[in-house]
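Okay, my_file.pdb is below, PDB, C-alpha atoms, pLDDT in the B column:
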MODEL        1
ATOM      1  CA  MET I  28      47.848  18.798 -66.221  1.00 46.00           C
ATOM      2  CA  ASN I  29      48.289  15.396 -64.614  1.00 49.00           C
ATOM      3  CA  PRO I  30      46.167  12.607 -66.001  1.00 49.00           C
ATOM      4  CA  ILE I  31      43.547  11.243 -63.651  1.00 50.00           C
ATOM      5  CA  ASN I  32      44.612   8.002 -62.000  1.00 53.00           C
ATOM      6  CA  PRO I  33      41.540   5.708 -61.789  1.00 50.00           C
ATOM      7  CA  ILE I  34      43.166   3.557 -59.118  1.00 49.00           C
ATOM      8  CA  ALA I  35      43.849   6.568 -56.891  1.00 48.00           C
ATOM      9  CA  ILE I  36      40.260   7.744 -57.278  1.00 48.00           C
ATOM     10  CA  GLU I  37      38.904   4.328 -56.246  1.00 52.00           C
ATOM     11  CA  GLU I  38      41.235   4.266 -53.232  1.00 52.00           C
ATOM     12  CA  GLN I  39      39.991   7.691 -52.184  1.00 56.00           C
ATOM     13  CA  LYS I  40      36.379   6.557 -52.501  1.00 49.00           C
ATOM     14  CA  GLU I  41      37.031   3.403 -50.509  1.00 53.00           C
ATOM     15  CA  GLY I  42      38.773   5.421 -47.810  1.00 53.00           C
ATOM     16  CA  ALA I  43      35.807   7.770 -47.516  1.00 49.00           C
ATOM     17  CA  VAL I  44      33.377   4.877 -47.244  1.00 45.00           C
ATOM     18  CA  THR I  45      35.508   3.187 -44.594  1.00 48.00           C
ATOM     19  CA  HIS I  46      35.715   6.451 -42.667  1.00 49.00           C
ATOM     20  CA  ARG I  47      31.921   6.826 -42.707  1.00 50.00           C
ATOM     21  CA  ARG I  48      31.502   3.224 -41.612  1.00 47.00           C
ATOM     22  CA  LYS I  49      33.761   3.862 -38.623  1.00 47.00           C
ATOM     23  CA  PHE I  50      31.618   6.811 -37.557  1.00 44.00           C
ATOM     24  CA  VAL I  51      28.423   4.769 -37.915  1.00 41.00           C
ATOM     25  CA  PHE I  52      29.926   1.881 -35.949  1.00 39.00           C
ATOM     26  CA  LEU I  53      31.159   4.179 -33.176  1.00 41.00           C
ATOM     27  CA  GLY I  54      27.761   5.853 -33.032  1.00 45.00           C
ATOM     28  CA  ALA I  55      26.061   2.490 -32.668  1.00 40.00           C
ATOM     29  CA  LEU I  56      28.463   1.530 -29.897  1.00 36.00           C
ATOM     30  CA  GLY I  57      27.590   4.767 -28.128  1.00 46.00           C
ATOM     31  CA  VAL I  58      23.870   3.988 -28.271  1.00 41.00           C
ATOM     32  CA  VAL I  59      24.412   0.460 -26.949  1.00 37.00           C
ATOM     33  CA  ALA I  60      26.628   1.734 -24.153  1.00 40.00           C
ATOM     34  CA  SER I  61      24.026   4.337 -23.207  1.00 47.00           C
ATOM     35  CA  VAL I  62      21.286   1.688 -23.042  1.00 39.00           C
ATOM     36  CA  LEU I  63      23.447  -0.641 -20.975  1.00 40.00           C
ATOM     37  CA  LEU I  64      24.372   2.131 -18.547  1.00 41.00           C
ATOM     38  CA  SER I  65      20.724   3.131 -18.169  1.00 48.00           C
ATOM     39  CA  ALA I  66      19.711  -0.487 -17.502  1.00 44.00           C
ATOM     40  CA  SER I  67      22.526  -0.883 -15.019  1.00 46.00           C
ATOM     41  CA  ALA I  68      21.520   2.299 -13.191  1.00 44.00           C
ATOM     42  CA  ALA I  69      17.899   1.143 -13.045  1.00 45.00           C
ATOM     43  CA  ALA I  70      18.955  -2.251 -11.702  1.00 54.00           C
ATOM     44  CA  GLU I  71      21.028  -0.589  -8.981  1.00 71.00           C
ATOM     45  CA  GLU I  72      18.241   1.741  -7.817  1.00 81.00           C
ATOM     46  CA  PRO I  73      17.303   0.886  -4.238  1.00 86.00           C
ATOM     47  CA  ALA I  74      13.878  -0.569  -3.554  1.00 91.00           C
ATOM     48  CA  PRO I  75      11.319   1.966  -2.260  1.00 95.00           C
ATOM     49  CA  PRO I  76      10.983   2.057   1.548  1.00 90.00           C
ATOM     50  CA  TYR I  77       7.516   0.521   1.412  1.00 94.00           C
ATOM     51  CA  ALA I  78       8.680  -2.529  -0.608  1.00 95.00           C
ATOM     52  CA  ALA I  79       8.926  -4.709   2.511  1.00 94.00           C
ATOM     53  CA  CYS I  80       5.296  -3.888   3.353  1.00 97.00           C
ATOM     54  CA  LEU I  81       4.124  -5.541   0.135  1.00 97.00           C
ATOM     55  CA  THR I  82       5.401  -8.905   1.345  1.00 96.00           C
ATOM     56  CA  CYS I  83       2.491  -9.224   3.787  1.00 97.00           C
ATOM     57  CA  HIS I  84       0.029  -6.564   2.629  1.00 98.00           C
ATOM     58  CA  GLY I  85       0.142  -7.598  -1.014  1.00 97.00           C
ATOM     59  CA  ASP I  86       0.362  -5.715  -4.268  1.00 96.00           C
ATOM     60  CA  ALA I  87      -0.380  -2.004  -3.714  1.00 97.00           C
ATOM     61  CA  GLY I  88      -1.332  -2.889  -0.127  1.00 98.00           C
ATOM     62  CA  ASN I  89      -4.643  -4.222  -1.380  1.00 98.00           C
ATOM     63  CA  ASN I  90      -4.205  -7.997  -1.264  1.00 96.00           C
ATOM     64  CA  PRO I  91      -2.902  -9.228   2.117  1.00 97.00           C
ATOM     65  CA  ILE I  92      -1.651 -12.784   2.464  1.00 95.00           C
ATOM     66  CA  PRO I  93      -4.490 -14.904   3.917  1.00 92.00           C
ATOM     67  CA  GLY I  94      -4.055 -16.001   7.500  1.00 90.00           C
ATOM     68  CA  LEU I  95      -1.545 -13.312   8.507  1.00 91.00           C
ATOM     69  CA  MET I  96      -4.202 -10.921   9.810  1.00 94.00           C
ATOM     70  CA  ALA I  97      -2.546  -8.165   7.813  1.00 97.00           C
ATOM     71  CA  PRO I  98      -4.880  -5.311   6.805  1.00 98.00           C
ATOM     72  CA  LYS I  99      -5.391  -3.672   3.460  1.00 98.00           C
ATOM     73  CA  LEU I 100      -3.370  -0.458   3.530  1.00 98.00           C
ATOM     74  CA  ALA I 101      -4.623   0.866   0.200  1.00 98.00           C
ATOM     75  CA  GLY I 102      -6.793   3.939   0.601  1.00 98.00           C
ATOM     76  CA  LEU I 103      -5.962   4.655   4.241  1.00 98.00           C
ATOM     77  CA  ASN I 104      -5.433   8.324   5.015  1.00 98.00           C
ATOM     78  CA  ALA I 105      -1.733   9.232   4.978  1.00 98.00           C
ATOM     79  CA  ALA I 106      -1.936  10.865   8.410  1.00 98.00           C
ATOM     80  CA  TYR I 107      -3.560   7.741   9.849  1.00 98.00           C
ATOM     81  CA  ILE I 108      -0.836   5.491   8.376  1.00 98.00           C
ATOM     82  CA  THR I 109       1.827   7.808   9.776  1.00 98.00           C
ATOM     83  CA  LYS I 110       0.328   7.652  13.274  1.00 98.00           C
ATOM     84  CA  GLN I 111       0.121   3.855  13.223  1.00 98.00           C
ATOM     85  CA  LEU I 112       3.754   3.525  12.140  1.00 98.00           C
ATOM     86  CA  HIS I 113       4.820   5.929  14.879  1.00 98.00           C
ATOM     87  CA  ASP I 114       2.792   3.919  17.391  1.00 98.00           C
ATOM     88  CA  TYR I 115       4.547   0.746  16.280  1.00 98.00           C
ATOM     89  CA  GLN I 116       7.906   2.490  16.589  1.00 98.00           C
ATOM     90  CA  SER I 117       7.163   3.669  20.124  1.00 97.00           C
ATOM     91  CA  GLY I 118       5.514   0.431  21.234  1.00 97.00           C
ATOM     92  CA  ARG I 119       2.174   2.102  21.823  1.00 97.00           C
ATOM     93  CA  ARG I 120       0.726  -0.398  19.350  1.00 97.00           C
ATOM     94  CA  VAL I 121       2.093  -3.921  19.656  1.00 96.00           C
ATOM     95  CA  PHE I 122       2.620  -6.538  16.976  1.00 96.00           C
ATOM     96  CA  ASP I 123       6.120  -8.012  16.971  1.00 96.00           C
ATOM     97  CA  ALA I 124       6.698  -8.100  13.209  1.00 94.00           C
ATOM     98  CA  MET I 125       5.485  -4.523  12.773  1.00 97.00           C
ATOM     99  CA  ASN I 126       7.352  -3.220  15.820  1.00 97.00           C
ATOM    100  CA  THR I 127      10.582  -4.633  14.400  1.00 96.00           C
ATOM    101  CA  LEU I 128       9.970  -3.327  10.882  1.00 96.00           C
ATOM    102  CA  ALA I 129       8.769   0.124  11.947  1.00 97.00           C
ATOM    103  CA  LYS I 130      11.934   0.742  13.960  1.00 96.00           C
ATOM    104  CA  THR I 131      13.995   0.450  10.769  1.00 96.00           C
ATOM    105  CA  LEU I 132      12.059   3.258   9.079  1.00 96.00           C
ATOM    106  CA  SER I 133      13.282   6.842   8.988  1.00 97.00           C
ATOM    107  CA  ALA I 134      10.925   9.817   8.980  1.00 97.00           C
ATOM    108  CA  SER I 135      11.253  10.031   5.188  1.00 97.00           C
ATOM    109  CA  ASP I 136      10.545   6.297   4.868  1.00 97.00           C
ATOM    110  CA  VAL I 137       7.354   6.685   6.906  1.00 98.00           C
ATOM    111  CA  LYS I 138       6.248   9.592   4.726  1.00 98.00           C
ATOM    112  CA  ALA I 139       6.991   7.677   1.522  1.00 98.00           C
ATOM    113  CA  ALA I 140       4.988   4.662   2.721  1.00 98.00           C
ATOM    114  CA  ALA I 141       2.067   6.809   3.897  1.00 98.00           C
ATOM    115  CA  ASP I 142       1.959   8.755   0.639  1.00 98.00           C
ATOM    116  CA  TYR I 143       2.177   5.604  -1.473  1.00 98.00           C
ATOM    117  CA  PHE I 144      -0.512   3.532   0.236  1.00 98.00           C
ATOM    118  CA  SER I 145      -2.920   6.433   0.670  1.00 98.00           C
ATOM    119  CA  ALA I 146      -2.828   6.933  -3.104  1.00 98.00           C
ATOM    120  CA  GLN I 147      -3.709   3.300  -3.898  1.00 98.00           C
ATOM    121  CA  THR I 148      -7.231   2.070  -4.658  1.00 97.00           C
ATOM    122  CA  ARG I 149      -8.848  -0.427  -2.312  1.00 98.00           C
ATOM    123  CA  THR I 150     -11.229  -2.996  -3.737  1.00 97.00           C
ATOM    124  CA  ALA I 151     -14.090  -4.642  -1.858  1.00 97.00           C
ATOM    125  CA  ASP I 152     -14.446  -8.328  -1.011  1.00 97.00           C
ATOM    126  CA  GLU I 153     -17.460 -10.455  -1.830  1.00 95.00           C
ATOM    127  CA  VAL I 154     -20.095 -10.954   0.851  1.00 95.00           C
ATOM    128  CA  ALA I 155     -19.856 -14.447   2.321  1.00 93.00           C
ATOM    129  CA  ASP I 156     -22.993 -14.174   4.475  1.00 96.00           C
ATOM    130  CA  LYS I 157     -25.614 -11.714   3.199  1.00 97.00           C
ATOM    131  CA  SER I 158     -27.849 -12.037   6.262  1.00 98.00           C
ATOM    132  CA  LEU I 159     -24.918 -11.279   8.557  1.00 98.00           C
ATOM    133  CA  ALA I 160     -23.898  -8.338   6.354  1.00 98.00           C
ATOM    134  CA  ASN I 161     -27.428  -6.910   6.643  1.00 98.00           C
ATOM    135  CA  GLN I 162     -27.153  -6.979  10.433  1.00 98.00           C
ATOM    136  CA  GLY I 163     -23.800  -5.241  10.168  1.00 98.00           C
ATOM    137  CA  GLU I 164     -25.208  -2.563   7.887  1.00 98.00           C
ATOM    138  CA  ALA I 165     -27.779  -1.589  10.536  1.00 98.00           C
ATOM    139  CA  ILE I 166     -25.045  -1.239  13.172  1.00 98.00           C
ATOM    140  CA  VAL I 167     -22.712   0.698  10.888  1.00 98.00           C
ATOM    141  CA  LYS I 168     -25.406   3.171   9.828  1.00 98.00           C
ATOM    142  CA  HIS I 169     -27.538   3.446  12.967  1.00 98.00           C
ATOM    143  CA  GLY I 170     -25.663   1.926  15.899  1.00 98.00           C
ATOM    144  CA  ILE I 171     -27.393  -0.019  18.680  1.00 98.00           C
ATOM    145  CA  ALA I 172     -29.301   2.372  20.914  1.00 97.00           C
ATOM    146  CA  ASP I 173     -30.037   0.008  23.798  1.00 97.00           C
ATOM    147  CA  GLN I 174     -26.344  -0.958  24.035  1.00 98.00           C
ATOM    148  CA  ALA I 175     -25.107   2.642  23.749  1.00 97.00           C
ATOM    149  CA  VAL I 176     -23.244   1.740  20.563  1.00 98.00           C
ATOM    150  CA  PRO I 177     -22.947   4.709  18.189  1.00 98.00           C
ATOM    151  CA  ALA I 178     -23.183   4.369  14.420  1.00 98.00           C
ATOM    152  CA  CYS I 179     -19.794   3.690  12.858  1.00 98.00           C
ATOM    153  CA  VAL I 180     -20.415   6.423  10.281  1.00 98.00           C
ATOM    154  CA  ASN I 181     -20.429   9.026  13.074  1.00 97.00           C
ATOM    155  CA  CYS I 182     -16.634   8.813  13.281  1.00 97.00           C
ATOM    156  CA  HIS I 183     -15.503   6.851  10.237  1.00 97.00           C
ATOM    157  CA  ASN I 184     -17.349   9.084   7.759  1.00 96.00           C
ATOM    158  CA  ASP I 185     -20.190   8.283   5.367  1.00 95.00           C
ATOM    159  CA  GLY I 186     -19.535   4.972   3.692  1.00 96.00           C
ATOM    160  CA  VAL I 187     -16.937   4.379   6.458  1.00 98.00           C
ATOM    161  CA  THR I 188     -14.304   5.794   4.110  1.00 98.00           C
ATOM    162  CA  GLY I 189     -12.243   7.082   7.032  1.00 97.00           C
ATOM    163  CA  THR I 190     -10.542  10.328   8.030  1.00 96.00           C
ATOM    164  CA  PHE I 191      -7.084  11.361   9.190  1.00 95.00           C
ATOM    165  CA  ARG I 192      -8.041  10.197  12.708  1.00 95.00           C
ATOM    166  CA  TYR I 193     -10.238   7.162  12.042  1.00 96.00           C
ATOM    167  CA  PRO I 194      -9.318   4.411   9.572  1.00 97.00           C
ATOM    168  CA  ARG I 195     -11.088   3.568   6.364  1.00 98.00           C
ATOM    169  CA  LEU I 196     -13.202   0.479   7.075  1.00 98.00           C
ATOM    170  CA  ALA I 197     -14.779   0.121   3.633  1.00 98.00           C
ATOM    171  CA  GLY I 198     -13.305  -2.855   1.824  1.00 98.00           C
ATOM    172  CA  GLN I 199     -11.181  -3.983   4.768  1.00 98.00           C
ATOM    173  CA  LYS I 200     -10.654  -7.722   5.238  1.00 98.00           C
ATOM    174  CA  ALA I 201     -13.397  -9.172   7.464  1.00 97.00           C
ATOM    175  CA  ASP I 202     -11.029 -11.406   9.440  1.00 97.00           C
ATOM    176  CA  TYR I 203      -8.739  -8.459  10.174  1.00 98.00           C
ATOM    177  CA  MET I 204     -11.661  -6.278  11.246  1.00 98.00           C
ATOM    178  CA  LEU I 205     -12.922  -8.948  13.631  1.00 98.00           C
ATOM    179  CA  ASN I 206      -9.408  -9.492  14.971  1.00 98.00           C
ATOM    180  CA  GLN I 207      -8.935  -5.784  15.742  1.00 98.00           C
ATOM    181  CA  LEU I 208     -12.360  -5.361  17.322  1.00 98.00           C
ATOM    182  CA  THR I 209     -11.605  -8.351  19.537  1.00 98.00           C
ATOM    183  CA  HIS I 210      -8.248  -6.864  20.572  1.00 97.00           C
ATOM    184  CA  LEU I 211      -9.832  -3.484  21.263  1.00 97.00           C
ATOM    185  CA  LYS I 212     -12.524  -5.122  23.370  1.00 97.00           C
ATOM    186  CA  SER I 213      -9.985  -7.095  25.418  1.00 96.00           C
ATOM    187  CA  GLY I 214      -7.648  -4.141  25.834  1.00 95.00           C
ATOM    188  CA  GLU I 215      -4.840  -5.848  23.922  1.00 96.00           C
ATOM    189  CA  ARG I 216      -4.848  -2.934  21.492  1.00 97.00           C
ATOM    190  CA  ARG I 217      -4.611   0.382  23.315  1.00 94.00           C
ATOM    191  CA  ASN I 218      -3.525   3.048  20.826  1.00 95.00           C
ATOM    192  CA  ASP I 219      -7.043   4.370  20.158  1.00 92.00           C
ATOM    193  CA  PHE I 220      -7.215   6.802  23.112  1.00 86.00           C
ATOM    194  CA  GLY I 221      -9.865   4.508  24.579  1.00 87.00           C
ATOM    195  CA  GLN I 222     -12.541   5.545  22.094  1.00 91.00           C
ATOM    196  CA  MET I 223     -12.961   2.332  20.082  1.00 96.00           C
ATOM    197  CA  SER I 224     -12.220   0.182  23.112  1.00 96.00           C
ATOM    198  CA  ARG I 225     -15.295   1.557  24.859  1.00 96.00           C
ATOM    199  CA  VAL I 226     -17.440   0.879  21.792  1.00 97.00           C
ATOM    200  CA  ALA I 227     -16.044  -2.629  21.236  1.00 98.00           C
ATOM    201  CA  MET I 228     -16.715  -3.563  24.858  1.00 97.00           C
ATOM    202  CA  ARG I 229     -20.442  -3.083  24.219  1.00 98.00           C
ATOM    203  CA  LEU I 230     -20.531  -5.341  21.160  1.00 98.00           C
ATOM    204  CA  THR I 231     -21.108  -9.078  21.199  1.00 98.00           C
ATOM    205  CA  GLU I 232     -18.893 -11.338  19.102  1.00 98.00           C
ATOM    206  CA  GLY I 233     -21.791 -11.885  16.703  1.00 98.00           C
ATOM    207  CA  GLN I 234     -22.280  -8.149  16.278  1.00 98.00           C
ATOM    208  CA  MET I 235     -18.590  -7.644  15.615  1.00 98.00           C
ATOM    209  CA  LYS I 236     -18.686 -10.366  12.971  1.00 98.00           C
ATOM    210  CA  ALA I 237     -21.690  -8.680  11.366  1.00 98.00           C
ATOM    211  CA  VAL I 238     -19.944  -5.303  11.186  1.00 98.00           C
ATOM    212  CA  ALA I 239     -16.800  -6.900   9.755  1.00 98.00           C
ATOM    213  CA  GLU I 240     -18.785  -8.796   7.117  1.00 98.00           C
ATOM    214  CA  TYR I 241     -20.650  -5.690   5.989  1.00 98.00           C
ATOM    215  CA  VAL I 242     -17.759  -3.233   5.758  1.00 98.00           C
ATOM    216  CA  SER I 243     -15.571  -5.724   3.846  1.00 98.00           C
ATOM    217  CA  SER I 244     -18.069  -5.554   0.970  1.00 97.00           C
ATOM    218  CA  LEU I 245     -18.015  -1.768   0.587  1.00 97.00           C
ATOM    219  CA  ASN I 246     -16.115   0.040  -2.155  1.00 87.00           C
TER
ENDMDL
END
Render the structure in this file as structure tokens.
Amino acid sequence: MNPINPIAIEEQKEGAVTHRRKFVFLGALGVVASVLLSASAAAEEPAPPYAACLTCHGDAGNNPIPGLMAPKLAGLNAAYITKQLHDYQSGRRVFDAMNTLAKTLSASDVKAAADYFSAQTRTADEVADKSLANQGEAIVKHGIADQAVPACVNCHNDGVTGTFRYPRLAGQKADYMLNQLTHLKSGERRNDFGQMSRVAMRLTEGQMKAVAEYVSSLN
């Protein structure tokens, strides 16, 4: 029986430890590589098709840049958003920046944008003129009988929350609302099948301002 060589035993132990260390080191390298590859893949993911919309319409389509007359898109019905984008694509609705952008969107892009913004929550704005808002509330809920103006809720739903055909007015920016009513009244906007144009023609500028002030404050 050969005597045990202490030096050989120590060498064997050291070799085993070194071997284990190599496996641990290689495993760690694998984890790091996996993390780096995942980060790289995430960085290379293309932006969603509605990303360009956020430039003007703000985060989640709920905070438009002041002065651009861009509406809040958050909370609009998906079918309504889809129709408006198609109208911009065809030229039925005219606004140069939107006509140009809409023409770059595919059918799947339009669907993705409509689905995204319809799922977002719209927040109301503060009332700037309470007296004006009170006048607007009467028009929104009851209309103006002697001017043949119907109540807004007749088409835009209770609380003017909108439908697939008529937009959500609740929480919309007052300046945008006034701008669109003015364009409908003048005939500059014509993609409403003539329905809102006929109503807007019967409203005074003061009445339009009142409606816009009231609906902007609604959740």
Checklist entry - For the file shown, what are the residues hit by the PyMOL selection byres ((chain I and resi 96) around 9), laid out as a ChimeraX atom specification? => result /I:91-95,97-98,200,202-204,206
Just want the 12 Å neighbourhood of Met228 of chain I, counted on only C-alpha atoms, with same-chain residues fewer than 4 positions away dropped. Output as a short mmCIF file (atom, residue, chain, number, x, y, z; two decimals) with C-alpha atoms, in the coordinates of the input.
data_model
loop_
_atom_site.label_atom_id
_atom_site.label_comp_id
_atom_site.auth_asym_id
_atom_site.auth_seq_id
_atom_site.Cartn_x
_atom_site.Cartn_y
_atom_site.Cartn_z
CA GLN I 174 -26.34 -0.96 24.04
CA ALA I 175 -25.11 2.64 23.75
CA VAL I 176 -23.24 1.74 20.56
CA LEU I 208 -12.36 -5.36 17.32
CA THR I 209 -11.60 -8.35 19.54
CA HIS I 210 -8.25 -6.86 20.57
CA LEU I 211 -9.83 -3.48 21.26
CA LYS I 212 -12.52 -5.12 23.37
CA SER I 213 -9.98 -7.10 25.42
CA GLY I 214 -7.65 -4.14 25.83
CA GLY I 221 -9.86 4.51 24.58
CA GLN I 222 -12.54 5.54 22.09
CA MET I 223 -12.96 2.33 20.08
CA SER I 224 -12.22 0.18 23.11
CA GLU I 232 -18.89 -11.34 19.10
CA GLN I 234 -22.28 -8.15 16.28
CA MET I 235 -18.59 -7.64 15.62
#
Checklist entry - Applied to the shown file, which residues does the PyMOL selection byres ((chain I and resi 240) around 10) return, written as a VMD selection string? => result chain I and resid 152 to 164 198 to 202 204 to 205 234 to 239 241 to 245
Output of the above residues as a tab-separated table (two decimals), in the coordinates of the input, restricted to C-alpha atoms:
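And here's again16.tsv as it stands now:
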chain	number	residue	atom	x	y	z
I	152	ASP	CA	-14.45	-8.33	-1.01
I	153	GLU	CA	-17.46	-10.46	-1.83
I	154	VAL	CA	-20.10	-10.95	0.85
I	155	ALA	CA	-19.86	-14.45	2.32
I	156	ASP	CA	-22.99	-14.17	4.47
I	157	LYS	CA	-25.61	-11.71	3.20
I	158	SER	CA	-27.85	-12.04	6.26
I	159	LEU	CA	-24.92	-11.28	8.56
I	160	ALA	CA	-23.90	-8.34	6.35
I	161	ASN	CA	-27.43	-6.91	6.64
I	162	GLN	CA	-27.15	-6.98	10.43
I	163	GLY	CA	-23.80	-5.24	10.17
I	164	GLU	CA	-25.21	-2.56	7.89
I	198	GLY	CA	-13.30	-2.86	1.82
I	199	GLN	CA	-11.18	-3.98	4.77
I	200	LYS	CA	-10.65	-7.72	5.24
I	201	ALA	CA	-13.40	-9.17	7.46
I	202	ASP	CA	-11.03	-11.41	9.44
I	204	MET	CA	-11.66	-6.28	11.25
I	205	LEU	CA	-12.92	-8.95	13.63
I	234	GLN	CA	-22.28	-8.15	16.28
I	235	MET	CA	-18.59	-7.64	15.62
I	236	LYS	CA	-18.69	-10.37	12.97
I	237	ALA	CA	-21.69	-8.68	11.37
I	238	VAL	CA	-19.94	-5.30	11.19
I	239	ALA	CA	-16.80	-6.90	9.76
I	241	TYR	CA	-20.65	-5.69	5.99
I	242	VAL	CA	-17.76	-3.23	5.76
I	243	SER	CA	-15.57	-5.72	3.85
I	244	SER	CA	-18.07	-5.55	0.97
I	245	LEU	CA	-18.02	-1.77	0.59
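Atom pair atom CA of His183 of chain I / atom CA of Ala151 of chain I: separated by 16.7 Å.
In this structure, atom CA of Ala105 of chain I sits 7.5 Å away from atom CA of Phe144 of chain I.
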Item to check | Using only C-alpha atoms: which of I:Asn104, I:Pro76, I:Asn218, I:Arg195 has the shortest distance to Ser117 of chain I | outcome: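 For Ser117 of chain I, the nearest of the candidates is I:Asn218.
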Checklist entry - Quick one: of I:Met125, I:Ala134, I:Ala101, I:Ala178, who's nearest to Ile166 of chain I, counting only C-alpha atoms? => result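 Among the listed residues, I:Ala178 lies closest to Ile166 of chain I.
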Next on the checklist: as a PyMOL selection string, please: the residues near Ala106 of chain I (cut-off 12 Å, only C-alpha atoms, same-chain neighbours under 4 positions excluded).
Outcome noted: chain I and resi 102+110-113+137-145+189-195
Checklist entry - On this structure, which residues satisfy the PyMOL selection byres ((chain I and resi 89) around 7), written as a list in words? => result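 When the PyMOL selection byres ((chain I and resi 89) around 7) is applied to the shown file, the picked residues are His84, Gly85, Asp86, Ala87, Gly88, Asn90, Pro91, Lys99, Leu100, Ala101 and Arg149 of chain I.
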Next on the checklist: If I take atom CA of Lys168 of chain I and atom CA of Val180 of chain I, how far is one from the other in Å, to one decimal?
Outcome noted: 6.0 Å
To test the calculation: enclose all listed atoms of segment 142-161 of chain I in a box whose edges run along x, y and z, add 8 Å on each side, then state centre and edge lengths in Å to one decimal, as JSON.
{"center_x": -12.8, "center_y": -2.8, "center_z": 1.9, "size_x": 46.0, "size_y": 39.2, "size_z": 29.2}
